[in-house]
Amino acid sequence: MTSRQHSFRAITAVLAFTFVILIASLATPSRGAEGGTASSQAITVTPTSDPAGWEIRHGDELLAGYRSDFQGTPIVFPLIAPGGHHATRGFPILPAKPTEKSDHDHHRSLWMTHGEVNDVDFWIDDEGCGKIVQTAGSASNNPETGAAVIVTKNDWNAPDGKRILSDDRSVSFSVDGDAHVVDFDVVLHATDGPVHFGDTKEGSFGIRVPGTMKVDAKLGGKITNAQGEHDAEAWGKNSPWVDYSGPVDDSKMSITIHNHPSSFHYPCRWHVRTYGLFAANPFGESHFTGGKKTEGYTLPAGESLKLSYRIMLREGDFDAAKTASDFDAYSKTERPSFK
């Protein structure tokens with residue numbers, strides 16, 4: 001064999017090896033923050049001025065919008081599930097659809113408040129109630145996971161404008177395989193003296209599901225918690241996660257909220273209603289149990305507490321095994337810390 005033939009074979013072998021490596025790299029999916037399969041499409045976050053906040057996209061598709069204020073609190077709207085389905089009721093941000101009821105206008109898509117904080121009601125949005133005011137905010141992409149992350153500072157102000165407490169919150173948007181994922185982490189700070197969180201069902205982190213999904217619509221909507229309790233039986237129970245599933249558009253959707261084990265008062269109780277409210281409540285007790293009202297919880301001056309939740313959005317029926325696996329993965333994550 002000539003030296004030219006040897007060289008040709010060597011070059012051919014190198015090119016073949018390079019081609020195999022290239023194909024393997026293209027076939028291997030990138031890994032999400034929790035070891036799941038992350039989409040190769042970029043997730044982008046851009047600021048908006050009307051309303052003030054950010055828009056989150058996955059490639060060309062809208063994932064969510066973050067509004068720094070709507071009727072006295074920051075909210076996420078819209079929130080889009082796989083298949084392009086809206087995961088929350090449009091009212092009161094938009095006029096009510098024929099499938100929606102224009103009730104509880106303080107149920108603002110996806111939001112975080114509480115009904116009794118130093119005797120001030122932040123859950124309702126009427127005159128004389130508290131307001132959560134964003135004082136700073138930024139958005140970026142996590143270089144390791146590709147998630148879009150919005151980080152804000154907020155003051156919880158009494159009707160007279162006096163601050164009762166403040167918070168730092170991180171809201172992360174990502175795609176993991178067949179799911180859209182929202183991670184919501186908030187640290188509440190007793191910046192202005194002790195903060196009392198009252199024992200009330202009216203709270204705290206939640207969403208209002210689309211009208212077609214609610215159990216009361218009798219179209220197939222269903223509530224399921226980790227213990228296997230359904231619908232009204234799941235209301236007020238302690239559970240590490242709860243799922244609300246049902247029909248939307250011409251398809252089905254599953255919405256699961258997970259409570260992280262490091263979160264305050266884990267596993268929390270759930271203010272999840274058959275009419276469509278779906279909220280995690282770490283402070284309420286007596287309304288849920290029918291017992292004597294407790295003293296609630298007082299956060300001492302200068303101290304903080306953390307609440308952490310993950311929302312998983314999927315198209316299709318609720319899958320108990322997949323949800324249990326999701327929770328196991330989430331429970332092993334370290335939640336963000338704020339300086």
# chains A, B, ... in the order shown; residues from 1 in each chain; ligands from 1
$ residues_around --residues "Phe288 of chain A" --least-positions-apart "4" --cutoff "12 Å" --atoms "only C-alpha atoms" --output "list of chain:residue names"
A:Asp199, A:Thr200, A:Lys201, A:Glu202, A:Ala232, A:Glu233, A:Ala234, A:Trp235, A:Gly236, A:Lys237, A:Asn238, A:Cys268, A:Arg269, A:Trp270, A:His271, A:Val272, A:Arg273, A:Asn281, A:Pro282, A:Phe283, A:Gly284, A:Lys292, A:Lys293, A:Thr294
$ write_last_selection --atoms "C-alpha atoms" --output "short mmCIF file (atom, residue, chain, number, x, y, z; two decimals), in the first residue's frame"
data_model
loop_
_atom_site.label_atom_id
_atom_site.label_comp_id
_atom_site.auth_asym_id
_atom_site.auth_seq_id
_atom_site.Cartn_x
_atom_site.Cartn_y
_atom_site.Cartn_z
CA ASP A 199 -54.96 31.90 60.42
CA THR A 200 -57.22 32.33 57.39
CA LYS A 201 -58.08 30.27 54.34
CA GLU A 202 -57.67 33.36 52.15
CA ALA A 232 -63.76 18.67 47.62
CA GLU A 233 -61.99 16.04 49.74
CA ALA A 234 -58.64 17.63 48.86
CA TRP A 235 -59.66 21.06 50.17
CA GLY A 236 -57.72 22.15 53.24
CA LYS A 237 -55.61 19.01 53.44
CA ASN A 238 -51.85 18.96 53.94
CA CYS A 268 -48.85 23.19 53.29
CA ARG A 269 -52.63 23.12 53.24
CA TRP A 270 -54.47 23.73 49.99
CA HIS A 271 -57.23 26.24 49.36
CA VAL A 272 -58.26 24.36 46.22
CA ARG A 273 -61.89 24.72 45.22
CA ASN A 281 -51.71 28.15 51.92
CA PRO A 282 -48.94 27.74 54.52
CA PHE A 283 -50.63 29.90 57.18
CA GLY A 284 -54.30 28.83 57.34
CA LYS A 292 -60.75 26.85 66.99
CA LYS A 293 -58.91 29.73 65.34
CA THR A 294 -55.20 29.60 66.08
#
$ residues_around --residues "Leu165 of chain A" --least-positions-apart "4" --cutoff "7 Å" --atoms "only C-alpha atoms" --output "list of chain:residue names"
A:Asp155, A:Trp156, A:His189, A:Ala190, A:Thr191, A:Asp192
$ select_by_dssp --residues "segment 70-232 of chain A" --states "helix (DSSP H, G or I)" --output "number ranges by chain"
A: 215-217, 231-232
$ write_last_selection --atoms "N, CA, C and O atoms" --output "PDB file, in the first residue's frame"
ATOM      1  N   VAL A 215     -64.038  21.713  38.434  1.00  0.00           N
ATOM      2  CA  VAL A 215     -64.854  20.533  38.700  1.00  0.00           C
ATOM      3  C   VAL A 215     -66.335  20.848  38.541  1.00  0.00           C
ATOM      4  O   VAL A 215     -67.108  20.056  37.986  1.00  0.00           O
ATOM      5  N   ASP A 216     -66.743  22.038  38.998  1.00  0.00           N
ATOM      6  CA  ASP A 216     -68.160  22.411  38.972  1.00  0.00           C
ATOM      7  C   ASP A 216     -68.730  22.544  37.560  1.00  0.00           C
ATOM      8  O   ASP A 216     -69.954  22.542  37.386  1.00  0.00           O
ATOM      9  N   ALA A 217     -67.863  22.670  36.556  1.00  0.00           N
ATOM     10  CA  ALA A 217     -68.349  22.746  35.172  1.00  0.00           C
ATOM     11  C   ALA A 217     -68.885  21.400  34.695  1.00  0.00           C
ATOM     12  O   ALA A 217     -69.605  21.337  33.694  1.00  0.00           O
ATOM     13  N   ASP A 231     -61.157  16.194  44.434  1.00  0.00           N
ATOM     14  CA  ASP A 231     -62.163  17.255  44.433  1.00  0.00           C
ATOM     15  C   ASP A 231     -62.322  17.887  45.821  1.00  0.00           C
ATOM     16  O   ASP A 231     -61.325  18.281  46.410  1.00  0.00           O
ATOM     17  N   ALA A 232     -63.536  17.984  46.350  1.00  0.00           N
ATOM     18  CA  ALA A 232     -63.761  18.675  47.625  1.00  0.00           C
ATOM     19  C   ALA A 232     -63.014  18.022  48.781  1.00  0.00           C
ATOM     20  O   ALA A 232     -62.690  18.683  49.774  1.00  0.00           O
TER      21      ALA A 232
END
$ residues_around --residues "Pro74 of chain A" --least-positions-apart "3" --cutoff "8 Å" --atoms "only C-alpha atoms" --output "PyMOL selection string"
chain A and resi 66-70+111-112+132-134
$ write_last_selection --atoms "N, CA, C and O atoms" --output "mmCIF file, in the first residue's frame"
data_model
loop_
_atom_site.group_PDB
_atom_site.id
_atom_site.type_symbol
_atom_site.label_atom_id
_atom_site.label_comp_id
_atom_site.auth_asym_id
_atom_site.auth_seq_id
_atom_site.Cartn_x
_atom_site.Cartn_y
_atom_site.Cartn_z
ATOM 1 N N TYR A 66 -45.120 38.595 32.642
ATOM 2 C CA TYR A 66 -45.005 38.975 34.055
ATOM 3 C C TYR A 66 -45.350 40.453 34.169
ATOM 4 O O TYR A 66 -44.734 41.291 33.503
ATOM 5 N N ARG A 67 -46.362 40.775 34.986
ATOM 6 C CA ARG A 67 -46.787 42.158 35.167
ATOM 7 C C ARG A 67 -46.401 42.612 36.569
ATOM 8 O O ARG A 67 -46.750 41.975 37.560
ATOM 9 N N SER A 68 -45.702 43.729 36.637
ATOM 10 C CA SER A 68 -45.239 44.212 37.942
ATOM 11 C C SER A 68 -46.386 44.678 38.822
ATOM 12 O O SER A 68 -46.244 44.741 40.049
ATOM 13 N N ASP A 69 -47.550 44.984 38.215
ATOM 14 C CA ASP A 69 -48.714 45.366 39.020
ATOM 15 C C ASP A 69 -50.001 45.122 38.240
ATOM 16 O O ASP A 69 -50.112 45.480 37.074
ATOM 17 N N PHE A 70 -50.951 44.465 38.922
ATOM 18 C CA PHE A 70 -52.319 44.421 38.428
ATOM 19 C C PHE A 70 -53.238 44.437 39.644
ATOM 20 O O PHE A 70 -53.235 43.511 40.448
ATOM 21 N N TRP A 111 -50.697 34.562 41.278
ATOM 22 C CA TRP A 111 -50.300 35.650 42.161
ATOM 23 C C TRP A 111 -49.952 35.111 43.549
ATOM 24 O O TRP A 111 -50.187 33.939 43.850
ATOM 25 N N MET A 112 -49.371 35.983 44.392
ATOM 26 C CA MET A 112 -48.977 35.610 45.747
ATOM 27 C C MET A 112 -49.355 36.735 46.706
ATOM 28 O O MET A 112 -48.854 37.864 46.589
ATOM 29 N N ILE A 132 -49.098 45.242 47.211
ATOM 30 C CA ILE A 132 -47.721 44.762 47.072
ATOM 31 C C ILE A 132 -47.087 45.533 45.920
ATOM 32 O O ILE A 132 -47.539 45.427 44.771
ATOM 33 N N VAL A 133 -46.065 46.299 46.235
ATOM 34 C CA VAL A 133 -45.481 47.243 45.276
ATOM 35 C C VAL A 133 -44.060 46.800 44.920
ATOM 36 O O VAL A 133 -43.188 46.697 45.790
ATOM 37 N N GLN A 134 -43.845 46.551 43.635
ATOM 38 C CA GLN A 134 -42.505 46.190 43.175
ATOM 39 C C GLN A 134 -41.598 47.414 43.244
ATOM 40 O O GLN A 134 -41.916 48.473 42.715
#
$ residues_around --residues "Glu295 of chain A" --least-positions-apart "2" --cutoff "9 Å" --atoms "only C-alpha atoms" --output "PyMOL selection string"
chain A and resi 196-199+293+297-298
$ write_last_selection --atoms "N, CA, C and O atoms" --output "mmCIF file, in the first residue's frame"
data_model
loop_
_atom_site.group_PDB
_atom_site.id
_atom_site.type_symbol
_atom_site.label_atom_id
_atom_site.label_comp_id
_atom_site.auth_asym_id
_atom_site.auth_seq_id
_atom_site.Cartn_x
_atom_site.Cartn_y
_atom_site.Cartn_z
ATOM 1 N N HIS A 196 -47.308 39.484 61.611
ATOM 2 C CA HIS A 196 -48.245 38.423 61.959
ATOM 3 C C HIS A 196 -49.023 37.989 60.724
ATOM 4 O O HIS A 196 -49.649 38.806 60.046
ATOM 5 N N PHE A 197 -48.939 36.675 60.425
ATOM 6 C CA PHE A 197 -49.709 36.081 59.340
ATOM 7 C C PHE A 197 -50.889 35.348 59.968
ATOM 8 O O PHE A 197 -50.706 34.388 60.724
ATOM 9 N N GLY A 198 -52.088 35.810 59.661
ATOM 10 C CA GLY A 198 -53.268 35.295 60.311
ATOM 11 C C GLY A 198 -53.684 33.912 59.833
ATOM 12 O O GLY A 198 -53.383 33.500 58.711
ATOM 13 N N ASP A 199 -54.386 33.202 60.726
ATOM 14 C CA ASP A 199 -54.962 31.896 60.425
ATOM 15 C C ASP A 199 -56.235 32.117 59.607
ATOM 16 O O ASP A 199 -57.313 32.320 60.151
ATOM 17 N N LYS A 293 -59.889 28.917 66.043
ATOM 18 C CA LYS A 293 -58.913 29.730 65.341
ATOM 19 C C LYS A 293 -57.623 29.803 66.134
ATOM 20 O O LYS A 293 -57.626 30.055 67.349
ATOM 21 N N TYR A 297 -49.152 32.819 62.764
ATOM 22 C CA TYR A 297 -47.689 32.776 62.899
ATOM 23 C C TYR A 297 -47.150 34.188 62.878
ATOM 24 O O TYR A 297 -47.522 35.000 62.023
ATOM 25 N N THR A 298 -46.239 34.479 63.818
ATOM 26 C CA THR A 298 -45.576 35.778 63.867
ATOM 27 C C THR A 298 -44.116 35.622 63.512
ATOM 28 O O THR A 298 -43.376 34.870 64.169
#
$ atom_distance --atom1 "atom CA of Ser262 of chain A" --atom2 "atom CA of Ser170 of chain A"
15.5 Å
$ residues_around --residues "segment 303-309 of chain A" --least-positions-apart "4" --cutoff "8 Å" --atoms "only C-alpha atoms" --output "VMD selection string"
chain A and resid 183 to 191 257 to 260 262 to 264 299 335
$ atom_distance --atom1 "atom CA of His287 of chain A" --atom2 "atom CA of Ala158 of chain A"
24.4 Å
$ select_by_dssp --residues "segment 42-280 of chain A" --states "strand (DSSP E or B)" --output "NGL selection string"
:A and (43-49 or 52-58 or 61-67 or 75-80 or 86 or 110-114 or 117 or 120 or 131-141 or 148-157 or 163-176 or 179-189 or 191 or 193 or 195-197 or 203-208 or 222-225 or 230 or 238 or 241-248 or 251-259 or 269-272 or 277-280)
